[in-house]
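Heads up: the structure comes next, in structure tokens.
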Amino acid sequence: LFRSNHAEVTPGGVKIIFPHRTPICSQCGNCKLQYLFHFRQYFNRIIYIGDGHSDKCPAKYADVVFARSHLAEELAKQGIDFIPFENFEDVMAVLR
């Protein structure tokens with residue numbers, strides 16, 4: 001599943017379009033929490049990997065969270081468990 005925002009070049013400049021914004025989240029242009037809820041219907045366990053602002057909401061609902069950078073800082077402040085990582089090799093080493 002791949003979802004992204006769109007950029008459109010117009011005579012007045014670049015226009016950013018947010019086709020995946022939802023009422024679930026008023027903070028992000030592409031609500032990743034909606035994807036987590038979608039996949040929760042099909043899987044018993046959700047493993048989430050993230051590093052930024054738009055990952056905060058879904059990280060709270062995942063069963064296992066790998067976090068770095070801003071996400072790791074935020075989860076640590078909130079006392080939410082996560083597994084720190086630097087790169088995908090770190091993640092794969094834990095999942096093996």
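Lettering and numbering for the structure tokens are positional, with chains as A, B, ... in the shown order, residues counted from 1 in each chain, and ligands counted from 1 in the shown order.
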| request: Can you check which residues of region 23-60 of chain A DSSP gives as alpha helix (DSSP H) on the backbone and send them as a VMD selection string? | output: chain A and resid 32 to 40 56 to 60
Considering only C-alpha atoms, give me a table of residues in region 17-62 of chain A that are at most 8 Å from region 69-72 of chain A, with the closest atom pair and distance in Å for each, as JSON lines.
{"residue": "A:Gly50", "atom": "CA", "partner": "A:Leu71", "partner_atom": "CA", "distance": 6.7}
{"residue": "A:Asp51", "atom": "CA", "partner": "A:Leu71", "partner_atom": "CA", "distance": 4.7}
{"residue": "A:Gly52", "atom": "CA", "partner": "A:Leu71", "partner_atom": "CA", "distance": 5.0}
{"residue": "A:His53", "atom": "CA", "partner": "A:Leu71", "partner_atom": "CA", "distance": 6.5}
{"residue": "A:Asp55", "atom": "CA", "partner": "A:Leu71", "partner_atom": "CA", "distance": 6.8}
{"residue": "A:Lys56", "atom": "CA", "partner": "A:Leu71", "partner_atom": "CA", "distance": 6.3}
| message | Would you compute the distance between CA of Ala7 (chain A) and CA of Arg21 (chain A)? Give it in Å to one decimal. | response |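 Separation between CA of Ala7 (chain A) and CA of Arg21 (chain A): 14.6 Å.
Here the question is which of A:Lys60, A:Lys32, A:Gln27, A:His6 gets nearest to Ala76 (chain A) using only C-alpha atoms, and that residue is A:Lys60.
Every protein or nucleic acid residue with an atom no more than 12 Å from Leu95 (chain A), counting only C-alpha atoms and leaving out same-chain residues fewer than 3 positions away, appears here: Ile47, Val64, Val65, Phe66, Ile83, Phe88, Glu89, Asp90, Val91 and Met92 of chain A.
CA of Ser26 (chain A) to CA of Phe82 (chain A) spans 24.5 Å [interatomic distance, one decimal].
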| field | Selected residue of minimal separation from Cys57 (chain A) among A:Ile80, A:Leu33, A:Val94, A:Val9, counting only C-alpha atoms | value | A:Leu33
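When CA of Asp63 (chain A) is paired with CA of Phe43 (chain A), their separation reads 10.9 Å.
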| message | Given only C-alpha atoms as the basis, pick out the residue of A:Leu75, A:Ala59, A:Val14, A:Ala67 nearest to Phe37 (chain A). | response |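 Using only C-alpha atoms, Phe37 (chain A) sits closest to A:Ala59.
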| task | Extract the full set of strand (DSSP E) residues from region 3-40 of chain A according to DSSP on the backbone, and format it as an MDAnalysis selection string. | result | chainID A and resid 6:10 13:17
| said: Can you tell me which residues surround Gly29 (chain A) at a distance of at most 9 Å, considering only C-alpha atoms, apart from same-chain residues fewer than 2 positions away, and format the answer as a ChimeraX atom specification? | reply: /A:5,17-22,25-27,31,54
